[in-house]
file structure.json (JSON, C-alpha atoms)
[["chain", "number", "residue", "atom", "x", "y", "z"],
["A", 1, "MET", "CA", -55.10, 22.48, 25.55],
["A", 2, "SER", "CA", -53.56, 25.26, 27.43],
["A", 3, "PRO", "CA", -50.88, 27.48, 25.86],
["A", 4, "ARG", "CA", -48.35, 26.14, 28.36],
["A", 5, "ASN", "CA", -48.59, 22.62, 26.95],
["A", 6, "LEU", "CA", -48.16, 23.71, 23.38],
["A", 7, "ASN", "CA", -44.57, 23.74, 22.17],
["A", 8, "LEU", "CA", -44.63, 25.62, 18.91],
["A", 9, "GLY", "CA", -40.91, 25.16, 18.36],
["A", 10, "LEU", "CA", -40.08, 28.50, 19.89],
["A", 11, "ARG", "CA", -38.44, 27.04, 23.00],
["A", 12, "PRO", "CA", -36.75, 23.63, 22.86],
["A", 13, "SER", "CA", -37.47, 21.26, 25.68],
["A", 14, "PRO", "CA", -34.70, 20.45, 28.19],
["A", 15, "ALA", "CA", -34.54, 16.88, 26.84],
["A", 16, "ALA", "CA", -33.99, 18.18, 23.30],
["A", 17, "LEU", "CA", -31.24, 20.50, 24.53],
["A", 18, "LEU", "CA", -29.56, 17.61, 26.36],
["A", 19, "ARG", "CA", -29.71, 15.40, 23.23],
["A", 20, "ALA", "CA", -28.22, 18.21, 21.10],
["A", 21, "ALA", "CA", -25.40, 18.76, 23.62],
["A", 22, "CYS", "CA", -24.58, 15.03, 23.72],
["A", 23, "LEU", "CA", -24.57, 14.86, 19.91],
["A", 24, "ALA", "CA", -22.27, 17.90, 19.66],
["A", 25, "ALA", "CA", -19.90, 16.41, 22.28],
["A", 26, "ALA", "CA", -19.83, 13.08, 20.43],
["A", 27, "LEU", "CA", -18.94, 14.84, 17.18],
["A", 28, "VAL", "CA", -16.24, 17.09, 18.66],
["A", 29, "LEU", "CA", -14.62, 14.68, 21.14],
["A", 30, "PRO", "CA", -12.68, 12.58, 18.57],
["A", 31, "PHE", "CA", -11.01, 15.70, 17.20],
["A", 32, "ALA", "CA", -10.09, 16.93, 20.67],
["A", 33, "VAL", "CA", -8.49, 13.58, 21.53],
["A", 34, "GLN", "CA", -6.28, 13.66, 18.43],
["A", 35, "ALA", "CA", -5.24, 17.27, 18.86],
["A", 36, "LYS", "CA", -1.52, 17.80, 19.40],
["A", 37, "GLU", "CA", 0.50, 20.78, 20.41],
["A", 38, "ALA", "CA", 1.29, 22.84, 17.34],
["A", 39, "ALA", "CA", 4.82, 22.41, 16.09],
["A", 40, "PRO", "CA", 6.81, 25.60, 16.45],
["A", 41, "LEU", "CA", 7.66, 27.43, 13.28],
["A", 42, "ALA", "CA", 11.22, 27.08, 12.11],
["A", 43, "ASP", "CA", 13.59, 29.34, 14.00],
["A", 44, "ASP", "CA", 15.73, 29.63, 10.90],
["A", 45, "PRO", "CA", 14.03, 29.09, 7.52],
["A", 46, "VAL", "CA", 17.39, 28.41, 5.86],
["A", 47, "VAL", "CA", 18.14, 25.56, 8.30],
["A", 48, "GLU", "CA", 14.63, 24.19, 7.84],
["A", 49, "GLN", "CA", 14.88, 24.29, 4.04],
["A", 50, "ARG", "CA", 18.27, 22.55, 4.12],
["A", 51, "MET", "CA", 16.97, 19.93, 6.59],
["A", 52, "ILE", "CA", 14.07, 19.15, 4.26],
["A", 53, "ALA", "CA", 16.41, 18.83, 1.26],
["A", 54, "ILE", "CA", 18.66, 16.42, 3.17],
["A", 55, "SER", "CA", 15.84, 14.38, 4.71],
["A", 56, "GLU", "CA", 14.04, 13.86, 1.38],
["A", 57, "ASP", "CA", 16.95, 11.64, 0.30],
["A", 58, "LEU", "CA", 16.74, 9.60, 3.50],
["A", 59, "ARG", "CA", 14.36, 6.73, 4.26],
["A", 60, "CYS", "CA", 12.24, 6.66, 7.41],
["A", 61, "LEU", "CA", 13.43, 3.64, 9.34],
["A", 62, "VAL", "CA", 9.96, 3.04, 10.76],
["A", 63, "CYS", "CA", 7.82, 3.58, 7.65],
["A", 64, "GLN", "CA", 10.46, 2.31, 5.16],
["A", 65, "ASN", "CA", 8.51, 3.47, 2.11],
["A", 66, "GLU", "CA", 8.39, 7.12, 3.10],
["A", 67, "SER", "CA", 11.07, 9.75, 3.14],
["A", 68, "LEU", "CA", 12.33, 11.10, 6.42],
["A", 69, "ALA", "CA", 10.94, 14.51, 5.43],
["A", 70, "GLY", "CA", 7.39, 13.22, 4.96],
["A", 71, "SER", "CA", 7.17, 10.76, 7.85],
["A", 72, "HIS", "CA", 5.23, 11.48, 11.02],
["A", 73, "ALA", "CA", 6.89, 8.73, 13.09],
["A", 74, "GLU", "CA", 8.53, 9.75, 16.35],
["A", 75, "LEU", "CA", 11.90, 8.40, 15.22],
["A", 76, "ALA", "CA", 11.65, 10.49, 12.04],
["A", 77, "GLU", "CA", 10.98, 13.62, 14.10],
["A", 78, "ALA", "CA", 13.98, 12.81, 16.30],
["A", 79, "LEU", "CA", 16.20, 12.29, 13.25],
["A", 80, "ARG", "CA", 15.04, 15.58, 11.73],
["A", 81, "ASP", "CA", 15.95, 17.29, 15.02],
["A", 82, "GLU", "CA", 19.36, 15.62, 14.86],
["A", 83, "ILE", "CA", 19.84, 16.87, 11.29],
["A", 84, "ARG", "CA", 18.89, 20.41, 12.38],
["A", 85, "GLU", "CA", 21.45, 20.28, 15.20],
["A", 86, "GLN", "CA", 24.17, 19.11, 12.84],
["A", 87, "ILE", "CA", 23.29, 21.86, 10.34],
["A", 88, "ARG", "CA", 23.56, 24.44, 13.11],
["A", 89, "ALA", "CA", 26.91, 22.90, 14.08],
["A", 90, "GLY", "CA", 28.15, 23.71, 10.57],
["A", 91, "LYS", "CA", 28.37, 20.20, 9.13],
["A", 92, "SER", "CA", 28.03, 19.66, 5.38],
["A", 93, "ASP", "CA", 25.25, 17.61, 3.77],
["A", 94, "LYS", "CA", 27.70, 14.78, 3.08],
["A", 95, "GLU", "CA", 28.90, 14.74, 6.69],
["A", 96, "ILE", "CA", 25.32, 14.53, 7.92],
["A", 97, "SER", "CA", 24.51, 11.71, 5.48],
["A", 98, "ASP", "CA", 27.69, 9.86, 6.44],
["A", 99, "TYR", "CA", 26.80, 10.19, 10.13],
["A", 100, "LEU", "CA", 23.35, 8.67, 9.54],
["A", 101, "VAL", "CA", 24.78, 5.88, 7.35],
["A", 102, "ASP", "CA", 27.38, 5.07, 10.02],
["A", 103, "ARG", "CA", 24.65, 4.93, 12.63],
["A", 104, "TYR", "CA", 21.85, 3.15, 10.67],
["A", 105, "GLY", "CA", 23.53, 1.57, 7.65],
["A", 106, "ASP", "CA", 23.04, 2.10, 3.91],
["A", 107, "PHE", "CA", 19.35, 1.22, 4.24],
["A", 108, "VAL", "CA", 18.69, 4.77, 5.49],
["A", 109, "LEU", "CA", 19.56, 6.09, 2.00],
["A", 110, "TYR", "CA", 16.90, 6.03, -0.70],
["A", 111, "ARG", "CA", 19.66, 5.54, -3.28],
["A", 112, "PRO", "CA", 22.28, 3.39, -1.54],
["A", 113, "PRO", "CA", 25.69, 3.19, -3.23],
["A", 114, "LEU", "CA", 26.48, 0.08, -5.28],
["A", 115, "LYS", "CA", 28.96, -1.91, -3.23],
["A", 116, "ALA", "CA", 29.33, -5.47, -1.97],
["A", 117, "ALA", "CA", 27.04, -4.90, 1.03],
["A", 118, "THR", "CA", 24.23, -3.38, -1.07],
["A", 119, "VAL", "CA", 24.27, -5.69, -4.09],
["A", 120, "LEU", "CA", 21.23, -7.50, -2.71],
["A", 121, "LEU", "CA", 19.33, -4.20, -2.42],
["A", 122, "TRP", "CA", 20.07, -3.36, -6.05],
["A", 123, "PHE", "CA", 19.75, -6.75, -7.74],
["A", 124, "GLY", "CA", 17.68, -8.79, -5.27],
["A", 125, "PRO", "CA", 14.29, -8.06, -6.87],
["A", 126, "LEU", "CA", 15.60, -8.94, -10.34],
["A", 127, "ALA", "CA", 17.16, -12.15, -9.01],
["A", 128, "LEU", "CA", 13.85, -13.16, -7.40],
["A", 129, "VAL", "CA", 11.95, -12.59, -10.66],
["A", 130, "LEU", "CA", 14.50, -14.62, -12.64],
["A", 131, "VAL", "CA", 14.42, -17.49, -10.11],
["A", 132, "GLY", "CA", 10.61, -17.49, -10.25],
["A", 133, "LEU", "CA", 10.56, -17.57, -14.05],
["A", 134, "GLY", "CA", 13.15, -20.37, -14.09],
["A", 135, "ALA", "CA", 11.08, -22.42, -11.62],
["A", 136, "LEU", "CA", 7.94, -21.86, -13.70],
["A", 137, "VAL", "CA", 9.66, -22.99, -16.92],
["A", 138, "ARG", "CA", 11.07, -26.08, -15.18],
["A", 139, "ILE", "CA", 7.67, -27.05, -13.73],
["A", 140, "LEU", "CA", 5.93, -26.60, -17.09],
["A", 141, "ARG", "CA", 8.54, -28.66, -18.93],
["A", 142, "ARG", "CA", 8.36, -31.44, -16.35],
["A", 143, "ARG", "CA", 4.57, -31.45, -16.51],
["A", 144, "GLY", "CA", 4.71, -31.80, -20.31],
["A", 145, "ARG", "CA", 6.92, -34.88, -20.00],
["A", 146, "GLU", "CA", 4.82, -36.50, -17.29],
["A", 147, "VAL", "CA", 1.52, -36.49, -19.20],
["A", 148, "PRO", "CA", 1.49, -39.56, -21.49],
["A", 149, "PRO", "CA", -0.38, -39.35, -24.76],
["A", 150, "ALA", "CA", -3.84, -40.90, -24.53],
["A", 151, "ASP", "CA", -4.20, -44.26, -26.29],
["A", 152, "LEU", "CA", -7.74, -44.60, -27.58],
["A", 153, "SER", "CA", -9.42, -47.78, -28.57],
["A", 154, "ALA", "CA", -10.96, -47.98, -32.04],
["A", 155, "ALA", "CA", -14.45, -47.41, -30.60],
["A", 156, "GLU", "CA", -13.29, -44.37, -28.59],
["A", 157, "ALA", "CA", -11.49, -42.94, -31.62],
["A", 158, "SER", "CA", -14.57, -43.27, -33.83],
["A", 159, "GLN", "CA", -16.74, -41.70, -31.10],
["A", 160, "ALA", "CA", -14.29, -38.75, -30.82],
["A", 161, "ASP", "CA", -14.27, -38.33, -34.61],
["A", 162, "ALA", "CA", -18.09, -38.30, -34.62],
["A", 163, "LEU", "CA", -18.17, -35.66, -31.90],
["A", 164, "LEU", "CA", -15.65, -33.50, -33.75],
["A", 165, "ALA", "CA", -17.55, -33.88, -37.00],
["A", 166, "SER", "CA", -20.80, -32.84, -35.29],
["A", 167, "LEU", "CA", -19.14, -29.62, -34.19],
["A", 168, "ASP", "CA", -18.36, -28.75, -37.80],
["A", 169, "ARG", "CA", -22.02, -29.11, -38.90],
["A", 170, "PRO", "CA", -24.69, -26.57, -38.03],
["A", 171, "VAL", "CA", -26.91, -27.76, -35.22],
["A", 172, "PRO", "CA", -30.51, -28.49, -36.43],
["A", 173, "PRO", "CA", -33.31, -26.76, -34.51],
["A", 174, "GLU", "CA", -34.76, -28.88, -31.74],
["A", 175, "SER", "CA", -38.31, -29.58, -32.92],
["A", 176, "SER", "CA", -38.88, -32.64, -30.75],
["A", 177, "ASN", "CA", -38.90, -30.68, -27.47],
["A", 178, "LYS", "CA", -41.39, -28.07, -28.65],
["A", 179, "PRO", "CA", -45.13, -28.70, -28.26],
["A", 180, "ALA", "CA", -47.14, -29.01, -31.45],
["A", 181, "PRO", "CA", -49.26, -25.95, -32.30]]
call {"tool": "encode", "arguments": {"input": "structure.json", "output": "structure tokens"}}
result
Amino acid sequence: MSPRNLNLGLRPSPAALLRAACLAAALVLPFAVQAKEAAPLADDPVVEQRMIAISEDLRCLVCQNESLAGSHAELAEALRDEIREQIRAGKSDKEISDYLVDRYGDFVLYRPPLKAATVLLWFGPLALVLVGLGALVRILRRRGREVPPADLSAAEASQADALLASLDRPVPPESSNKPAP
């Protein structure tokens, strides 16, 4: 063999370089696709802190189980921008909350006020549990009435008594199934 044909690992072959480049591109490409433009830092930290305090008490209308402050939905970002604008306009926290409630209803609040329109939000889960328990009790009572007691003949009763009596006695070892030594 000539020294030209020997690859001692000092120089990778072009095919190996191409494979390594494809592997690197395949590993990096998903991250590049998901990359977004960095959000600008808050112009006014006081406004940003107040916006976060207000939006933590508000529900994301898209996610529904996440606060407006923690949601990454586009609507949540738009609502946070709206809150920032209202803070800059000098509105109080209550005015901002009232504006969002007027626009989206009491559902936007994590702790909606107890009033006629929100009674279902407050007591609906309890009512569903109580209705379910009532239905379960009714079904079980009806089932108990529908099953008639079993009338056994004398032969069946004696056979049942024999079976119950055999359960009370210790079971003898099975010597008939074992081969003789």
call {"tool": "closest_residue", "arguments": {"input": "structure.json", "among": "A:Asp161, A:Glu48, A:Asp151, A:Asp57", "to": "Asp81 of chain A", "atoms": "only C-alpha atoms"}}
result
A:Glu48
call {"tool": "closest_residue", "arguments": {"input": "structure.json", "among": "A:Leu61, A:Ala15, A:Met51, A:Val119", "to": "Phe107 of chain A", "atoms": "only C-alpha atoms"}}
result
A:Leu61
call {"tool": "atom_distance", "arguments": {"input": "structure.json", "atom1": "atom CA of Tyr99 of chain A", "atom2": "atom CA of Glu82 of chain A"}}
result
10.4 Å
call {"tool": "atom_distance", "arguments": {"input": "structure.json", "atom1": "atom CA of Asp102 of chain A", "atom2": "atom CA of Ile87 of chain A"}}
result
17.3 Å
call {"tool": "atom_distance", "arguments": {"input": "structure.json", "atom1": "atom CA of Gly90 of chain A", "atom2": "atom CA of Ser55 of chain A"}}
result
16.5 Å
call {"tool": "closest_residue", "arguments": {"input": "structure.json", "among": "A:Leu109, A:Leu167, A:Ala16, A:Cys22", "to": "Glu66 of chain A", "atoms": "all atoms listed in the file"}}
result
A:Leu109
call {"tool": "residues_around", "arguments": {"input": "structure.json", "residues": "Leu68 of chain A", "least_positions_apart": "5", "cutoff": "12 Å", "atoms": "only C-alpha atoms", "output": "list of chain:residue names"}}
result
A:Met51, A:Ile52, A:Ala53, A:Ile54, A:Ser55, A:Glu56, A:Asp57, A:Leu58, A:Arg59, A:Cys60, A:Leu61, A:Val62, A:Cys63, A:Ala73, A:Glu74, A:Leu75, A:Ala76, A:Glu77, A:Ala78, A:Leu79, A:Arg80, A:Asp81, A:Glu82, A:Ile83, A:Leu100, A:Val108, A:Leu109, A:Tyr110
call {"tool": "axis_aligned_box", "arguments": {"input": "structure.json", "around": "segment 70-76 of chain A", "padding_each_side": "3 Å", "output": "lines of an AutoDock Vina configuration file"}}
result
center_x = 8.6
center_y = 10.8
center_z = 10.7
size_x = 12.7
size_y = 10.8
size_z = 17.4
call {"tool": "residues_near_point", "arguments": {"input": "structure.json", "point": "(20.3, -2.0, -5.4)", "cutoff": "12 Å", "atoms": "only C-alpha atoms", "output": "PyMOL selection string"}}
result
chain A and resi 106-107+109-127
call {"tool": "write_last_selection", "arguments": {"input": "structure.json", "atoms": "C-alpha atoms", "output": "PDB file, in the frame of the given file"}}
result
ATOM      1  CA  ASP A 106      23.040   2.100   3.910  1.00  0.00           C
ATOM      2  CA  PHE A 107      19.350   1.220   4.240  1.00  0.00           C
ATOM      3  CA  LEU A 109      19.560   6.090   2.000  1.00  0.00           C
ATOM      4  CA  TYR A 110      16.900   6.030  -0.700  1.00  0.00           C
ATOM      5  CA  ARG A 111      19.660   5.540  -3.280  1.00  0.00           C
ATOM      6  CA  PRO A 112      22.280   3.390  -1.540  1.00  0.00           C
ATOM      7  CA  PRO A 113      25.690   3.190  -3.230  1.00  0.00           C
ATOM      8  CA  LEU A 114      26.480   0.080  -5.280  1.00  0.00           C
ATOM      9  CA  LYS A 115      28.960  -1.910  -3.230  1.00  0.00           C
ATOM     10  CA  ALA A 116      29.330  -5.470  -1.970  1.00  0.00           C
ATOM     11  CA  ALA A 117      27.040  -4.900   1.030  1.00  0.00           C
ATOM     12  CA  THR A 118      24.230  -3.380  -1.070  1.00  0.00           C
ATOM     13  CA  VAL A 119      24.270  -5.690  -4.090  1.00  0.00           C
ATOM     14  CA  LEU A 120      21.230  -7.500  -2.710  1.00  0.00           C
ATOM     15  CA  LEU A 121      19.330  -4.200  -2.420  1.00  0.00           C
ATOM     16  CA  TRP A 122      20.070  -3.360  -6.050  1.00  0.00           C
ATOM     17  CA  PHE A 123      19.750  -6.750  -7.740  1.00  0.00           C
ATOM     18  CA  GLY A 124      17.680  -8.790  -5.270  1.00  0.00           C
ATOM     19  CA  PRO A 125      14.290  -8.060  -6.870  1.00  0.00           C
ATOM     20  CA  LEU A 126      15.600  -8.940 -10.340  1.00  0.00           C
ATOM     21  CA  ALA A 127      17.160 -12.150  -9.010  1.00  0.00           C
TER      22      ALA A 127
END
call {"tool": "decode", "arguments": {"input": "structure.json", "residues": "segment 75-128 of chain A", "atoms": "C-alpha atoms", "output": "PDB file, in the first residue's frame"}}
result
ATOM      1  CA  LEU A  75     -53.858  37.333  22.358  1.00  0.00           C
ATOM      2  CA  ALA A  76     -52.152  37.403  25.768  1.00  0.00           C
ATOM      3  CA  GLU A  77     -49.276  39.441  24.334  1.00  0.00           C
ATOM      4  CA  ALA A  78     -51.777  41.859  22.782  1.00  0.00           C
ATOM      5  CA  LEU A  79     -53.651  42.202  26.069  1.00  0.00           C
ATOM      6  CA  ARG A  80     -50.411  42.842  27.958  1.00  0.00           C
ATOM      7  CA  ASP A  81     -49.608  45.586  25.429  1.00  0.00           C
ATOM      8  CA  GLU A  82     -53.086  47.030  26.005  1.00  0.00           C
ATOM      9  CA  ILE A  83     -52.493  47.000  29.775  1.00  0.00           C
ATOM     10  CA  ARG A  84     -49.147  48.776  29.291  1.00  0.00           C
ATOM     11  CA  GLU A  85     -50.824  51.475  27.189  1.00  0.00           C
ATOM     12  CA  GLN A  86     -53.513  52.011  29.804  1.00  0.00           C
ATOM     13  CA  ILE A  87     -50.889  52.221  32.572  1.00  0.00           C
ATOM     14  CA  ARG A  88     -49.018  54.853  30.565  1.00  0.00           C
ATOM     15  CA  ALA A  89     -52.326  56.694  30.092  1.00  0.00           C
ATOM     16  CA  GLY A  90     -52.564  56.972  33.890  1.00  0.00           C
ATOM     17  CA  LYS A  91     -55.429  54.564  34.541  1.00  0.00           C
ATOM     18  CA  SER A  92     -55.700  52.794  37.895  1.00  0.00           C
ATOM     19  CA  ASP A  93     -55.526  49.012  38.322  1.00  0.00           C
ATOM     20  CA  LYS A  94     -59.285  48.886  38.938  1.00  0.00           C
ATOM     21  CA  GLU A  95     -60.015  50.891  35.788  1.00  0.00           C
ATOM     22  CA  ILE A  96     -57.863  48.533  33.738  1.00  0.00           C
ATOM     23  CA  SER A  97     -59.559  45.466  35.245  1.00  0.00           C
ATOM     24  CA  ASP A  98     -62.996  46.989  34.682  1.00  0.00           C
ATOM     25  CA  TYR A  99     -62.104  47.714  31.051  1.00  0.00           C
ATOM     26  CA  LEU A 100     -61.079  44.076  30.462  1.00  0.00           C
ATOM     27  CA  VAL A 101     -64.176  42.752  32.271  1.00  0.00           C
ATOM     28  CA  ASP A 102     -66.414  45.023  30.170  1.00  0.00           C
ATOM     29  CA  ARG A 103     -64.725  43.767  27.029  1.00  0.00           C
ATOM     30  CA  TYR A 104     -64.342  40.023  27.847  1.00  0.00           C
ATOM     31  CA  GLY A 105     -66.682  39.341  30.757  1.00  0.00           C
ATOM     32  CA  ASP A 106     -66.040  38.111  34.301  1.00  0.00           C
ATOM     33  CA  PHE A 107     -64.346  34.982  32.933  1.00  0.00           C
ATOM     34  CA  VAL A 108     -61.179  37.031  32.370  1.00  0.00           C
ATOM     35  CA  LEU A 109     -60.786  37.353  36.167  1.00  0.00           C
ATOM     36  CA  TYR A 110     -59.180  34.509  38.095  1.00  0.00           C
ATOM     37  CA  ARG A 111     -61.376  35.411  41.071  1.00  0.00           C
ATOM     38  CA  PRO A 112     -64.662  36.594  39.567  1.00  0.00           C
ATOM     39  CA  PRO A 113     -67.034  38.436  41.921  1.00  0.00           C
ATOM     40  CA  LEU A 114     -69.968  36.489  43.374  1.00  0.00           C
ATOM     41  CA  LYS A 115     -73.041  37.764  41.573  1.00  0.00           C
ATOM     42  CA  ALA A 116     -75.992  36.288  39.687  1.00  0.00           C
ATOM     43  CA  ALA A 117     -74.031  35.916  36.437  1.00  0.00           C
ATOM     44  CA  THR A 118     -71.109  34.095  38.101  1.00  0.00           C
ATOM     45  CA  VAL A 119     -72.967  31.770  40.474  1.00  0.00           C
ATOM     46  CA  LEU A 120     -72.388  28.900  38.058  1.00  0.00           C
ATOM     47  CA  LEU A 121     -68.632  29.588  38.062  1.00  0.00           C
ATOM     48  CA  TRP A 122     -68.534  29.475  41.860  1.00  0.00           C
ATOM     49  CA  PHE A 123     -70.962  26.661  42.646  1.00  0.00           C
ATOM     50  CA  GLY A 124     -71.164  24.708  39.373  1.00  0.00           C
ATOM     51  CA  PRO A 125     -68.464  22.155  40.264  1.00  0.00           C
ATOM     52  CA  LEU A 126     -70.042  21.480  43.669  1.00  0.00           C
ATOM     53  CA  ALA A 127     -73.488  21.114  42.070  1.00  0.00           C
ATOM     54  CA  LEU A 128     -72.114  18.594  39.547  1.00  0.00           C
TER      55      LEU A 128
END
